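Chemist: Pasting in a structure now, in structure tokens, and then I'll have a few things to ask.
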Amino acid sequence: SARLAEDSAGVSREFGNGVMAITDRGYDSREGWTNLIPNPLGNGAVVGIVGSGGALPTGWAGSSVAGTGLTTQIVGVSAVNGLPVIRFRVSGTSNGVFYELNVQPLGSSAPAILPNTAYNASIYADVVSGTFPTNGGVELTQRRADQTSAVAVAVAGGATLNATPVLTRFNGNFTSAADAAFGRIRVAMNPANGQAVDVTFDLAAPQITQTAYLMPFGVGTIAPDALFIPASAAGLAVNPSVTGLTMVWRGIDYQSAAPFVHFVDIRADGNNRFTLFRRLSDGGVGSTVGSNGPTSGPGLGTLAQLPRGAEFTMVATWRPDGAVWVKAGSVSPGRITRPMMVGTPSGVGIACNGVNGQDRNNSQTRMAAFGA
């Protein structure tokens with residue numbers, strides 16, 4: 001399904017249905033999701049003072065803006081690595097009325113959210129000049145069905161924004177309130193009566209998505225962008241029982257629904273395989289090797305040694321004499337001996353179970369290599 005994947009600059013790029021999510025950071029096998037905000041790219045923004053020639057992006061709304069003593073101005077519309085960015089200036093002398101700028105419609109037109117459900121709220125932001133009031137920030141506000149406030153979840157506080165001069169993605173995971181019906185992301189300021197405000201800031205790509213940003217695929221039918229490759233198409237012409245086989249995986253892995261997440265998986269059939277994996281029960285990494293039946297190879301590492309979200313490299317070699325050596329990150333190598341795989345490999349799975357492409361794991365695969 002359609003998804004976003006980050007590049008090395010931290011910019012989320014969109015990939016359509018059936019298109020592999022590959023940026024300069026590698027292949028991102030995480031699931032697609034639906035952004036509940038109807039106009040996240042800020043289309044329709046008009047440069048100028050809002051209400052006097054300028055206009056907020058279509059569907060974006062100010063609430064109580066007219067009575068705050070503050071002026072909202074669209075300074076410019078630009079792009080950073082292809083990502084549309086709206087530059088705002090909020091200035092004036094506050095009369096003590098709460099100011100907010102909503103990045104989606106208000107009332108019942110705001111994104112509907114389910115109660116007691118996991119969500120992620122995120123936005124790109126920075127402060128270009130001036131000082132953002134410290135008693136404000138970017139937040140997600142949940143609303144009850146009658147539109148009264150349920151609870152607010154901070155995404156980025158004013159002090160954090162003031163310390164961020166470059167466009168940065170801020171996000172927060174939350175579980176919606178038991179009585180929540182709607183949710184909206186807003187920029188909020190609550191300056192004191194008579195306080196002067198003049199701050200210029202950028203906003204881009206706001207999103208509210210059901211389930212946290214890093215969540216599992218779970219088990220399901222293979223998708224068009226899954227990496228399951230016939231060994232012949234991958235150029236794997238070696239016979240491991242004669243020449244041995246080495247596999248390398250480098251990237252970042254995340255939580256997954258499958259009990260064993262597979263980084264690289266090469267099989268002659270369901271029982272004859274050579275796999276690099278992460279074991280979720282204790283966070284260990286290692287290999288599974290098999291000859292007429294899978295047998296666990298060396299188990300290496302724990303979450304403490306190989307924290308999730310950190311890039312690491314994993315290498316395993318299965319030698320013709322049956323010795324299997326595995327090393328991951330800075331963890332000392334492990335070794336066992338198992339009979340070599342019987343038969344020539346028929347398929348290669350990357351970031352998925354090699355049998356049928358199911359049980360895909362969430363990961364950013366920077367490199368996957370295999371050969372004699």
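Here, A, B, ... name the chains of the structure tokens in the order displayed, residue numbers run from 1 inside each chain, and ligands are numbered from 1 in the same displayed order.
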Write out as a list in words the residues lying within 8 Å of Leu140 (chain A), counting only C-alpha atoms and excluding same-chain residues fewer than 2 positions away.
Modeler: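 Residues near the query, excluding close chain neighbours: Ala121, Val138, Gln142, Ala152, Val153, Ala154, Val155, Gly183, Arg184, Ile185 and Arg186 of chain A.
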Chemist: What's the 12 Å shell around Val11 (chain A), counting only C-alpha atoms, without same-chain residues fewer than 6 positions away, as a list in words?
Modeler: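 Near Val11 (chain A), the qualifying residues are Leu4, Ala5, Thr23, Asp24, Arg25, Ala79, Val80, Asn81, Gly82, Leu83, Pro84, Val85, Ile123, Tyr124, Ala125, Val166, Leu167, Thr168, Arg169, Phe170, Ala204 and Ala205 of chain A.
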Chemist: Could you turn the residues from that selection into a file that holds N, CA, C and O atoms, as a compact mmCIF listing (two decimals), in the first residue's frame?
Modeler:
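That gives us out26.txt:
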# COMPACT_ATOMS: atom_id res chain seq x y z
N LEU A 4 5.23 6.06 3.38
CA LEU A 4 6.30 7.03 3.42
C LEU A 4 7.57 6.34 3.89
O LEU A 4 7.52 5.43 4.71
N ALA A 5 8.71 6.76 3.39
CA ALA A 5 10.01 6.25 3.85
C ALA A 5 10.96 7.43 3.93
O ALA A 5 10.99 8.29 3.03
N THR A 23 15.04 4.61 -0.55
CA THR A 23 15.68 5.92 -0.57
C THR A 23 17.18 5.71 -0.43
O THR A 23 17.66 4.57 -0.48
N ASP A 24 17.92 6.80 -0.24
CA ASP A 24 19.37 6.63 -0.06
C ASP A 24 19.71 5.99 1.28
O ASP A 24 20.88 5.68 1.54
N ARG A 25 18.71 5.75 2.14
CA ARG A 25 18.94 5.01 3.38
C ARG A 25 18.75 3.52 3.19
O ARG A 25 19.03 2.74 4.09
N ALA A 79 9.98 24.30 -0.95
CA ALA A 79 10.14 22.84 -0.90
C ALA A 79 11.53 22.51 -0.39
O ALA A 79 12.52 23.15 -0.76
N VAL A 80 11.60 21.53 0.49
CA VAL A 80 12.87 21.00 0.99
C VAL A 80 12.95 19.53 0.59
O VAL A 80 12.14 18.72 1.06
N ASN A 81 13.87 19.22 -0.29
CA ASN A 81 13.99 17.85 -0.81
C ASN A 81 12.64 17.33 -1.32
O ASN A 81 12.27 16.18 -1.11
N GLY A 82 11.92 18.21 -1.99
CA GLY A 82 10.64 17.82 -2.56
C GLY A 82 9.47 17.88 -1.60
O GLY A 82 8.33 17.63 -2.00
N LEU A 83 9.71 18.23 -0.34
CA LEU A 83 8.64 18.28 0.66
C LEU A 83 8.11 19.71 0.76
O LEU A 83 8.88 20.63 1.08
N PRO A 84 6.82 19.95 0.48
CA PRO A 84 6.27 21.31 0.57
C PRO A 84 6.35 21.84 2.00
O PRO A 84 5.94 21.17 2.95
N VAL A 85 6.86 23.06 2.15
CA VAL A 85 7.04 23.69 3.45
C VAL A 85 6.32 25.03 3.44
O VAL A 85 6.49 25.83 2.51
N ILE A 123 4.95 16.00 12.79
CA ILE A 123 5.00 17.18 11.93
C ILE A 123 6.47 17.60 11.81
O ILE A 123 7.26 17.36 12.72
N TYR A 124 6.82 18.19 10.68
CA TYR A 124 8.12 18.83 10.53
C TYR A 124 7.98 20.29 10.93
O TYR A 124 7.00 20.96 10.56
N ALA A 125 8.96 20.81 11.67
CA ALA A 125 8.89 22.20 12.13
C ALA A 125 10.29 22.72 12.41
O ALA A 125 11.24 21.95 12.63
N VAL A 166 16.68 24.06 12.07
CA VAL A 166 16.54 23.36 10.79
C VAL A 166 15.29 22.50 10.84
O VAL A 166 14.86 22.06 11.92
N LEU A 167 14.69 22.26 9.69
CA LEU A 167 13.44 21.50 9.61
C LEU A 167 13.65 20.12 10.22
O LEU A 167 14.50 19.35 9.78
N THR A 168 12.87 19.82 11.23
CA THR A 168 13.04 18.59 12.00
C THR A 168 11.69 17.92 12.18
O THR A 168 10.67 18.59 12.40
N ARG A 169 11.69 16.59 12.10
CA ARG A 169 10.44 15.86 12.30
C ARG A 169 10.24 15.59 13.79
O ARG A 169 11.09 14.97 14.43
N PHE A 170 9.13 16.02 14.32
CA PHE A 170 8.75 15.75 15.71
C PHE A 170 7.57 14.78 15.68
O PHE A 170 6.67 14.89 14.85
N ALA A 204 5.55 21.51 8.01
CA ALA A 204 5.45 20.64 6.83
C ALA A 204 4.96 19.27 7.24
O ALA A 204 5.27 18.77 8.33
N ALA A 205 4.21 18.66 6.36
CA ALA A 205 3.82 17.25 6.43
C ALA A 205 3.26 16.82 7.78
O ALA A 205 3.75 15.86 8.38
Chemist: Find, counting only C-alpha atoms, the residue in A:Asn95, A:Ser330, A:Gln73, A:Asn171 that gets nearest to Phe201 (chain A).
Modeler: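 Closest to Phe201 (chain A) of all the choices is A:Gln73.
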Chemist: Hey, can you check how far CA of Ser287 (chain A) sits from CA of Leu245 (chain A)?
Modeler: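 Atom-to-atom, CA of Ser287 (chain A) to CA of Leu245 (chain A), that is 12.7 Å.
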Chemist: Write out as a list of chain:residue names each polymer residue whose atoms come within 7 Å of region 98-108 of chain A, counting only C-alpha atoms; drop sequence neighbours fewer than 6 positions from it.
Modeler: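 In the requested form, the answer reads A:Ile37, A:Pro38, A:Gly59, A:Trp60, A:Ala61, A:Gly62, A:Ser63, A:Ser64, A:Val65, A:Thr68, A:Gln147, A:Arg184, A:Ile185, A:Arg186, A:Val187, A:Ala188, A:Met189, A:Asn190.
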Chemist: Go ahead and write the selection's residues with all heavy atoms as a CSV table (one decimal), in the first residue's frame.
Modeler:
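Listing of selection.csv after writing:
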chain,number,residue,atom,x,y,z
A,37,ILE,N,-5.0,13.4,8.3
A,37,ILE,CA,-5.1,14.9,8.0
A,37,ILE,C,-5.4,15.0,6.5
A,37,ILE,O,-4.6,14.5,5.6
A,37,ILE,CB,-3.8,15.6,8.4
A,37,ILE,CG1,-3.7,15.6,9.9
A,37,ILE,CG2,-3.8,17.0,7.9
A,37,ILE,CD1,-2.5,16.2,10.4
A,38,PRO,N,-6.5,15.7,6.1
A,38,PRO,CA,-6.9,15.8,4.7
A,38,PRO,C,-6.0,16.5,3.7
A,38,PRO,O,-5.9,16.3,2.5
A,38,PRO,CB,-8.3,16.4,4.7
A,38,PRO,CG,-8.3,17.2,6.0
A,38,PRO,CD,-7.4,16.4,7.0
A,59,GLY,N,-8.5,24.0,4.2
A,59,GLY,CA,-8.9,23.2,5.3
A,59,GLY,C,-8.1,23.4,6.6
A,59,GLY,O,-8.6,23.0,7.7
A,60,TRP,N,-7.0,24.2,6.6
A,60,TRP,CA,-6.3,24.6,7.8
A,60,TRP,C,-7.1,25.7,8.4
A,60,TRP,O,-7.7,26.5,7.8
A,60,TRP,CB,-4.9,25.0,7.6
A,60,TRP,CG,-4.0,23.9,7.1
A,60,TRP,CD1,-4.4,22.8,6.3
A,60,TRP,CD2,-2.6,23.8,7.3
A,60,TRP,NE1,-3.3,22.0,6.0
A,60,TRP,CE2,-2.2,22.6,6.6
A,60,TRP,CE3,-1.7,24.5,7.9
A,60,TRP,CZ2,-0.9,22.2,6.6
A,60,TRP,CZ3,-0.3,24.1,7.9
A,60,TRP,CH2,0.1,23.0,7.3
A,61,ALA,N,-7.2,25.8,9.8
A,61,ALA,CA,-8.1,26.7,10.4
A,61,ALA,C,-7.4,27.4,11.6
A,61,ALA,O,-6.6,26.8,12.3
A,61,ALA,CB,-9.3,26.0,10.9
A,62,GLY,N,-7.7,28.7,11.8
A,62,GLY,CA,-7.3,29.4,13.0
A,62,GLY,C,-8.5,29.4,13.9
A,62,GLY,O,-9.7,29.5,13.4
A,63,SER,N,-8.3,29.4,15.1
A,63,SER,CA,-9.4,29.5,16.1
A,63,SER,C,-9.1,30.6,17.1
A,63,SER,O,-8.0,30.6,17.7
A,63,SER,CB,-9.6,28.2,16.8
A,63,SER,OG,-10.7,28.2,17.8
A,64,SER,N,-10.0,31.5,17.2
A,64,SER,CA,-9.8,32.7,18.1
A,64,SER,C,-8.7,33.6,17.7
A,64,SER,O,-8.2,34.4,18.5
A,64,SER,CB,-9.5,32.2,19.6
A,64,SER,OG,-10.6,31.4,20.1
A,65,VAL,N,-8.2,33.4,16.4
A,65,VAL,CA,-7.1,34.2,16.0
A,65,VAL,C,-7.4,35.7,15.9
A,65,VAL,O,-6.6,36.5,16.3
A,65,VAL,CB,-6.7,33.7,14.6
A,65,VAL,CG1,-5.6,34.6,14.0
A,65,VAL,CG2,-6.1,32.3,14.7
A,68,THR,N,-6.9,37.6,19.3
A,68,THR,CA,-5.7,37.4,20.1
A,68,THR,C,-4.8,38.6,20.1
A,68,THR,O,-3.9,38.7,21.0
A,68,THR,CB,-4.9,36.2,19.5
A,68,THR,OG1,-4.5,36.6,18.2
A,68,THR,CG2,-5.7,35.0,19.5
A,147,GLN,N,-17.4,17.7,21.0
A,147,GLN,CA,-16.3,18.7,20.7
A,147,GLN,C,-15.7,19.3,21.9
A,147,GLN,O,-14.8,20.2,21.8
A,147,GLN,CB,-16.8,19.8,19.7
A,147,GLN,CG,-17.2,19.3,18.4
A,147,GLN,CD,-16.1,18.7,17.6
A,147,GLN,OE1,-14.9,19.1,17.7
A,147,GLN,NE2,-16.4,17.6,16.9
A,184,ARG,N,-6.9,16.6,16.4
A,184,ARG,CA,-6.3,17.6,15.5
A,184,ARG,C,-5.0,18.0,16.0
A,184,ARG,O,-4.7,18.1,17.2
A,184,ARG,CB,-7.3,18.7,15.3
A,184,ARG,CG,-7.5,19.6,16.5
A,184,ARG,CD,-8.4,20.8,16.1
A,184,ARG,NE,-8.5,21.8,17.2
A,184,ARG,CZ,-9.6,22.0,17.9
A,184,ARG,NH1,-10.7,21.3,17.6
A,184,ARG,NH2,-9.7,23.0,18.8
A,185,ILE,N,-4.1,18.3,15.1
A,185,ILE,CA,-2.8,18.9,15.4
A,185,ILE,C,-2.9,20.4,15.3
A,185,ILE,O,-3.4,20.9,14.3
A,185,ILE,CB,-1.7,18.3,14.4
A,185,ILE,CG1,-1.5,16.8,14.7
A,185,ILE,CG2,-0.4,19.1,14.7
A,185,ILE,CD1,-0.4,16.2,13.8
A,186,ARG,N,-2.3,21.1,16.2
A,186,ARG,CA,-2.4,22.5,16.2
A,186,ARG,C,-1.1,23.1,16.7
A,186,ARG,O,-0.4,22.5,17.5
A,186,ARG,CB,-3.5,23.0,17.0
A,186,ARG,CG,-3.4,22.8,18.5
A,186,ARG,CD,-4.6,23.3,19.3
A,186,ARG,NE,-4.4,23.2,20.8
A,186,ARG,CZ,-5.3,23.4,21.7
A,186,ARG,NH1,-6.6,23.8,21.3
A,186,ARG,NH2,-5.1,23.3,23.0
A,187,VAL,N,-0.8,24.3,16.3
A,187,VAL,CA,0.2,25.2,16.9
A,187,VAL,C,-0.5,26.0,17.9
A,187,VAL,O,-1.5,26.7,17.6
A,187,VAL,CB,0.9,26.1,15.8
A,187,VAL,CG1,1.9,27.0,16.5
A,187,VAL,CG2,1.6,25.2,14.8
A,188,ALA,N,0.0,26.0,19.2
A,188,ALA,CA,-0.7,26.7,20.3
A,188,ALA,C,0.3,27.7,20.9
A,188,ALA,O,1.5,27.4,21.0
A,188,ALA,CB,-1.2,25.7,21.3
A,189,MET,N,-0.3,28.9,21.2
A,189,MET,CA,0.5,29.9,22.0
A,189,MET,C,-0.4,30.5,23.0
A,189,MET,O,-1.6,30.7,22.8
A,189,MET,CB,1.0,31.0,21.0
A,189,MET,CG,1.9,30.6,19.9
A,189,MET,SD,2.5,32.0,19.0
A,189,MET,CE,3.3,31.2,17.6
A,190,ASN,N,0.1,30.8,24.2
A,190,ASN,CA,-0.7,31.3,25.3
A,190,ASN,C,0.1,32.4,26.0
A,190,ASN,O,0.4,32.4,27.1
A,190,ASN,CB,-1.1,30.2,26.3
A,190,ASN,CG,-2.2,30.7,27.2
A,190,ASN,OD1,-2.9,31.7,26.9
A,190,ASN,ND2,-2.3,30.1,28.3
Chemist: Counting only C-alpha atoms, what is within 8 Å of region 308-320 of chain A, bar same-chain residues fewer than 3 positions away, as a short mmCIF file (atom, residue, chain, number, x, y, z; two decimals) with C-alpha atoms, in the first residue's frame?
Modeler:
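Below you can see around-v6.cif, which holds the result:
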data_model
loop_
_atom_site.label_atom_id
_atom_site.label_comp_id
_atom_site.auth_asym_id
_atom_site.auth_seq_id
_atom_site.Cartn_x
_atom_site.Cartn_y
_atom_site.Cartn_z
CA PRO A 240 26.43 -24.30 -0.63
CA SER A 241 27.24 -27.97 -0.02
CA VAL A 242 30.35 -27.51 -2.17
CA THR A 243 31.41 -23.89 -1.89
CA GLY A 244 29.92 -22.72 1.37
CA LEU A 245 27.72 -19.67 1.76
CA THR A 246 28.16 -16.23 3.35
CA MET A 247 25.38 -13.74 4.06
CA VAL A 248 25.60 -10.11 5.17
CA TRP A 249 22.83 -7.79 6.37
CA ARG A 250 23.22 -4.18 7.43
CA GLY A 251 20.46 -1.83 8.49
CA ILE A 252 18.05 -0.88 11.27
CA ASP A 253 15.42 -3.26 12.61
CA TYR A 254 12.27 -2.42 14.52
CA GLN A 255 9.58 -4.22 16.47
CA LEU A 276 19.78 -14.35 9.73
CA SER A 287 21.16 -17.68 12.46
CA LEU A 303 18.63 -5.66 23.17
CA ALA A 323 31.05 -24.80 10.73
CA VAL A 324 28.71 -21.83 11.07
CA TRP A 325 30.15 -18.53 12.23
CA VAL A 326 27.90 -15.56 13.08
CA LYS A 327 28.77 -12.03 14.18
CA ALA A 328 26.46 -9.08 14.74
CA GLY A 329 27.56 -5.54 15.54
CA MET A 340 25.50 -28.24 5.09
#
Chemist: Provide the CA of Ala55 (chain A) to CA of Phe88 (chain A) distance in Å, to one decimal place.
Modeler: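 That distance, rounded to one decimal, is 11.0 Å.
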Chemist: Please return, as a VMD selection string, all residues of region 22-258 of chain A that DSSP assigns to helix (DSSP H, G or I) on the basis of the backbone.
Modeler: chain A and resid 65 to 67 107 to 109 158 to 162 240 to 243
Chemist: Excluding same-chain residues fewer than 5 positions from Val127 (chain A), what lies within 12 Å of it counting only C-alpha atoms, as a ChimeraX atom specification?
Modeler: /A:87-90,132-133,137,156-168,198-203
Chemist: Based on the selection just made, write N, CA and C atoms of those residues as a PDB file, in the first residue's frame.
Modeler:
ATOM      1  N   ARG A  87       5.895  28.609   5.401  1.00  0.00           N
ATOM      2  CA  ARG A  87       6.556  29.464   6.394  1.00  0.00           C
ATOM      3  C   ARG A  87       5.544  30.468   6.939  1.00  0.00           C
ATOM      4  N   PHE A  88       5.406  30.496   8.258  1.00  0.00           N
ATOM      5  CA  PHE A  88       4.456  31.360   8.946  1.00  0.00           C
ATOM      6  C   PHE A  88       5.197  32.406   9.765  1.00  0.00           C
ATOM      7  N   ARG A  89       4.549  33.568   9.929  1.00  0.00           N
ATOM      8  CA  ARG A  89       4.999  34.563  10.901  1.00  0.00           C
ATOM      9  C   ARG A  89       3.798  34.951  11.751  1.00  0.00           C
ATOM     10  N   VAL A  90       3.958  34.833  13.052  1.00  0.00           N
ATOM     11  CA  VAL A  90       2.935  35.264  14.007  1.00  0.00           C
ATOM     12  C   VAL A  90       3.524  36.425  14.793  1.00  0.00           C
ATOM     13  N   PHE A 132       9.658  31.524  19.902  1.00  0.00           N
ATOM     14  CA  PHE A 132       8.348  30.906  20.088  1.00  0.00           C
ATOM     15  C   PHE A 132       8.010  30.961  21.581  1.00  0.00           C
ATOM     16  N   PRO A 133       6.805  31.424  21.959  1.00  0.00           N
ATOM     17  CA  PRO A 133       6.452  31.462  23.385  1.00  0.00           C
ATOM     18  C   PRO A 133       6.661  30.095  24.041  1.00  0.00           C
ATOM     19  N   GLY A 137       3.459  25.506  21.784  1.00  0.00           N
ATOM     20  CA  GLY A 137       4.126  24.431  21.065  1.00  0.00           C
ATOM     21  C   GLY A 137       3.208  23.812  20.036  1.00  0.00           C
ATOM     22  N   ALA A 156       5.722  18.821  20.235  1.00  0.00           N
ATOM     23  CA  ALA A 156       6.970  19.575  20.394  1.00  0.00           C
ATOM     24  C   ALA A 156       6.674  20.845  21.165  1.00  0.00           C
ATOM     25  N   GLY A 157       7.336  21.047  22.306  1.00  0.00           N
ATOM     26  CA  GLY A 157       7.141  22.235  23.120  1.00  0.00           C
ATOM     27  C   GLY A 157       7.865  23.431  22.543  1.00  0.00           C
ATOM     28  N   GLY A 158       7.483  24.635  23.043  1.00  0.00           N
ATOM     29  CA  GLY A 158       8.085  25.853  22.531  1.00  0.00           C
ATOM     30  C   GLY A 158       9.579  25.911  22.715  1.00  0.00           C
ATOM     31  N   ALA A 159      10.081  25.488  23.878  1.00  0.00           N
ATOM     32  CA  ALA A 159      11.521  25.519  24.126  1.00  0.00           C
ATOM     33  C   ALA A 159      12.261  24.621  23.136  1.00  0.00           C
ATOM     34  N   THR A 160      11.668  23.464  22.838  1.00  0.00           N
ATOM     35  CA  THR A 160      12.284  22.552  21.869  1.00  0.00           C
ATOM     36  C   THR A 160      12.301  23.167  20.481  1.00  0.00           C
ATOM     37  N   LEU A 161      11.208  23.808  20.101  1.00  0.00           N
ATOM     38  CA  LEU A 161      11.140  24.441  18.783  1.00  0.00           C
ATOM     39  C   LEU A 161      12.177  25.548  18.655  1.00  0.00           C
ATOM     40  N   ASN A 162      12.355  26.348  19.708  1.00  0.00           N
ATOM     41  CA  ASN A 162      13.326  27.440  19.651  1.00  0.00           C
ATOM     42  C   ASN A 162      14.752  26.934  19.477  1.00  0.00           C
ATOM     43  N   ALA A 163      14.992  25.709  19.905  1.00  0.00           N
ATOM     44  CA  ALA A 163      16.340  25.124  19.786  1.00  0.00           C
ATOM     45  C   ALA A 163      16.514  24.378  18.469  1.00  0.00           C
ATOM     46  N   THR A 164      15.545  24.505  17.555  1.00  0.00           N
ATOM     47  CA  THR A 164      15.574  23.739  16.312  1.00  0.00           C
ATOM     48  C   THR A 164      15.551  24.687  15.125  1.00  0.00           C
ATOM     49  N   PRO A 165      16.736  25.103  14.620  1.00  0.00           N
ATOM     50  CA  PRO A 165      16.781  26.036  13.496  1.00  0.00           C
ATOM     51  C   PRO A 165      16.651  25.385  12.129  1.00  0.00           C
ATOM     52  N   VAL A 166      16.682  24.057  12.068  1.00  0.00           N
ATOM     53  CA  VAL A 166      16.539  23.356  10.790  1.00  0.00           C
ATOM     54  C   VAL A 166      15.286  22.497  10.840  1.00  0.00           C
ATOM     55  N   LEU A 167      14.691  22.258   9.686  1.00  0.00           N
ATOM     56  CA  LEU A 167      13.444  21.500   9.614  1.00  0.00           C
ATOM     57  C   LEU A 167      13.649  20.117  10.218  1.00  0.00           C
ATOM     58  N   THR A 168      12.870  19.820  11.233  1.00  0.00           N
ATOM     59  CA  THR A 168      13.038  18.587  12.001  1.00  0.00           C
ATOM     60  C   THR A 168      11.687  17.915  12.180  1.00  0.00           C
ATOM     61  N   ASP A 198       6.771  37.823  18.133  1.00  0.00           N
ATOM     62  CA  ASP A 198       7.197  37.915  16.733  1.00  0.00           C
ATOM     63  C   ASP A 198       8.079  36.712  16.439  1.00  0.00           C
ATOM     64  N   VAL A 199       7.494  35.688  15.839  1.00  0.00           N
ATOM     65  CA  VAL A 199       8.232  34.454  15.574  1.00  0.00           C
ATOM     66  C   VAL A 199       7.875  33.959  14.176  1.00  0.00           C
ATOM     67  N   THR A 200       8.890  33.531  13.457  1.00  0.00           N
ATOM     68  CA  THR A 200       8.708  32.965  12.120  1.00  0.00           C
ATOM     69  C   THR A 200       9.113  31.503  12.170  1.00  0.00           C
ATOM     70  N   PHE A 201       8.246  30.634  11.689  1.00  0.00           N
ATOM     71  CA  PHE A 201       8.507  29.198  11.794  1.00  0.00           C
ATOM     72  C   PHE A 201       7.980  28.483  10.554  1.00  0.00           C
ATOM     73  N   ASP A 202       8.503  27.291  10.320  1.00  0.00           N
ATOM     74  CA  ASP A 202       8.097  26.455   9.197  1.00  0.00           C
ATOM     75  C   ASP A 202       7.293  25.264   9.693  1.00  0.00           C
ATOM     76  N   LEU A 203       6.310  24.857   8.901  1.00  0.00           N
ATOM     77  CA  LEU A 203       5.553  23.637   9.155  1.00  0.00           C
ATOM     78  C   LEU A 203       5.499  22.819   7.867  1.00  0.00           C
TER      79      LEU A 203
END
Chemist: List the neighbours of His262 (chain A) out to 7 Å using only C-alpha atoms; skip same-chain residues closer than 2 positions along the sequence, and give me the result as a VMD selection string.
Modeler: chain A and resid 260 264 to 265 275 to 278 351 to 353 361
Chemist: Go ahead and dump the residues you just picked, N, CA and C atoms, as a PDB file, in the first residue's frame.
Modeler:
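The resulting file, out-v1.pdb, is shown below:
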ATOM      1  N   PHE A 260      10.071 -14.521  15.005  1.00  0.00           N
ATOM      2  CA  PHE A 260      11.424 -14.457  14.464  1.00  0.00           C
ATOM      3  C   PHE A 260      11.374 -13.562  13.230  1.00  0.00           C
ATOM      4  N   VAL A 264      17.751 -11.908   6.168  1.00  0.00           N
ATOM      5  CA  VAL A 264      18.029 -12.579   4.899  1.00  0.00           C
ATOM      6  C   VAL A 264      17.738 -14.054   5.106  1.00  0.00           C
ATOM      7  N   ASP A 265      17.061 -14.671   4.156  1.00  0.00           N
ATOM      8  CA  ASP A 265      16.639 -16.067   4.289  1.00  0.00           C
ATOM      9  C   ASP A 265      16.822 -16.747   2.928  1.00  0.00           C
ATOM     10  N   THR A 275      19.362 -18.652   7.568  1.00  0.00           N
ATOM     11  CA  THR A 275      18.613 -17.445   7.888  1.00  0.00           C
ATOM     12  C   THR A 275      19.365 -16.595   8.909  1.00  0.00           C
ATOM     13  N   LEU A 276      19.362 -15.294   8.702  1.00  0.00           N
ATOM     14  CA  LEU A 276      19.782 -14.347   9.728  1.00  0.00           C
ATOM     15  C   LEU A 276      18.510 -13.772  10.343  1.00  0.00           C
ATOM     16  N   PHE A 277      18.448 -13.731  11.674  1.00  0.00           N
ATOM     17  CA  PHE A 277      17.188 -13.359  12.309  1.00  0.00           C
ATOM     18  C   PHE A 277      17.388 -12.542  13.565  1.00  0.00           C
ATOM     19  N   ARG A 278      16.309 -11.918  13.997  1.00  0.00           N
ATOM     20  CA  ARG A 278      16.174 -11.342  15.328  1.00  0.00           C
ATOM     21  C   ARG A 278      15.077 -12.115  16.045  1.00  0.00           C
ATOM     22  N   ALA A 351      14.095  -9.245   4.417  1.00  0.00           N
ATOM     23  CA  ALA A 351      13.108  -8.594   5.279  1.00  0.00           C
ATOM     24  C   ALA A 351      11.769  -9.307   5.225  1.00  0.00           C
ATOM     25  N   CYS A 352      11.782 -10.628   4.984  1.00  0.00           N
ATOM     26  CA  CYS A 352      10.551 -11.407   5.000  1.00  0.00           C
ATOM     27  C   CYS A 352      10.910 -12.882   5.099  1.00  0.00           C
ATOM     28  N   ASN A 353       9.925 -13.701   5.428  1.00  0.00           N
ATOM     29  CA  ASN A 353      10.114 -15.143   5.483  1.00  0.00           C
ATOM     30  C   ASN A 353      10.309 -15.670   4.066  1.00  0.00           C
ATOM     31  N   ASN A 361       9.285  -8.450   8.407  1.00  0.00           N
ATOM     32  CA  ASN A 361       9.693  -7.675   9.569  1.00  0.00           C
ATOM     33  C   ASN A 361       9.866  -6.220   9.174  1.00  0.00           C
TER      34      ASN A 361
END
Chemist: I'd like to know which of A:Thr131, A:Asn193, A:Thr72, A:Ser78 is closest to Val97 (chain A), using only C-alpha atoms.
Modeler: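 With only C-alpha atoms as the atom set, the closest residue is A:Asn193.
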Chemist: So that I can check the surroundings of Phe274 (chain A), please list as a PDB file with C-alpha atoms, in the first residue's frame every protein, DNA and RNA residue that reaches within 6 Å of it, counting only C-alpha atoms and ignoring chain neighbours fewer than 2 positions away.
Modeler:
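To be explicit, this is the file written out as out.pdb:
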ATOM      1  CA  ASP A 265      16.639 -16.067   4.289  1.00  0.00           C
ATOM      2  CA  ILE A 266      17.915 -18.538   1.650  1.00  0.00           C
ATOM      3  CA  THR A 288      18.946 -20.646  11.732  1.00  0.00           C
ATOM      4  CA  VAL A 289      20.564 -23.375   9.667  1.00  0.00           C
TER       5      VAL A 289
END
Chemist: Which of these, A:Thr141, A:Thr58, A:Asp7, A:Tyr119, has the shortest distance to Ile22 (chain A) once you count only C-alpha atoms?
Modeler: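 Of A:Thr141, A:Thr58, A:Asp7, A:Tyr119, the one nearest Ile22 (chain A) is A:Asp7, counting only C-alpha atoms.
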Chemist: Quick check for you: according to DSSP on this backbone, which residues of region 140-191 of chain A are classed as strand (DSSP E or B)? Reply as a PyMOL selection string.
Modeler: chain A and resi 140-143+149-157+168-175+182-189
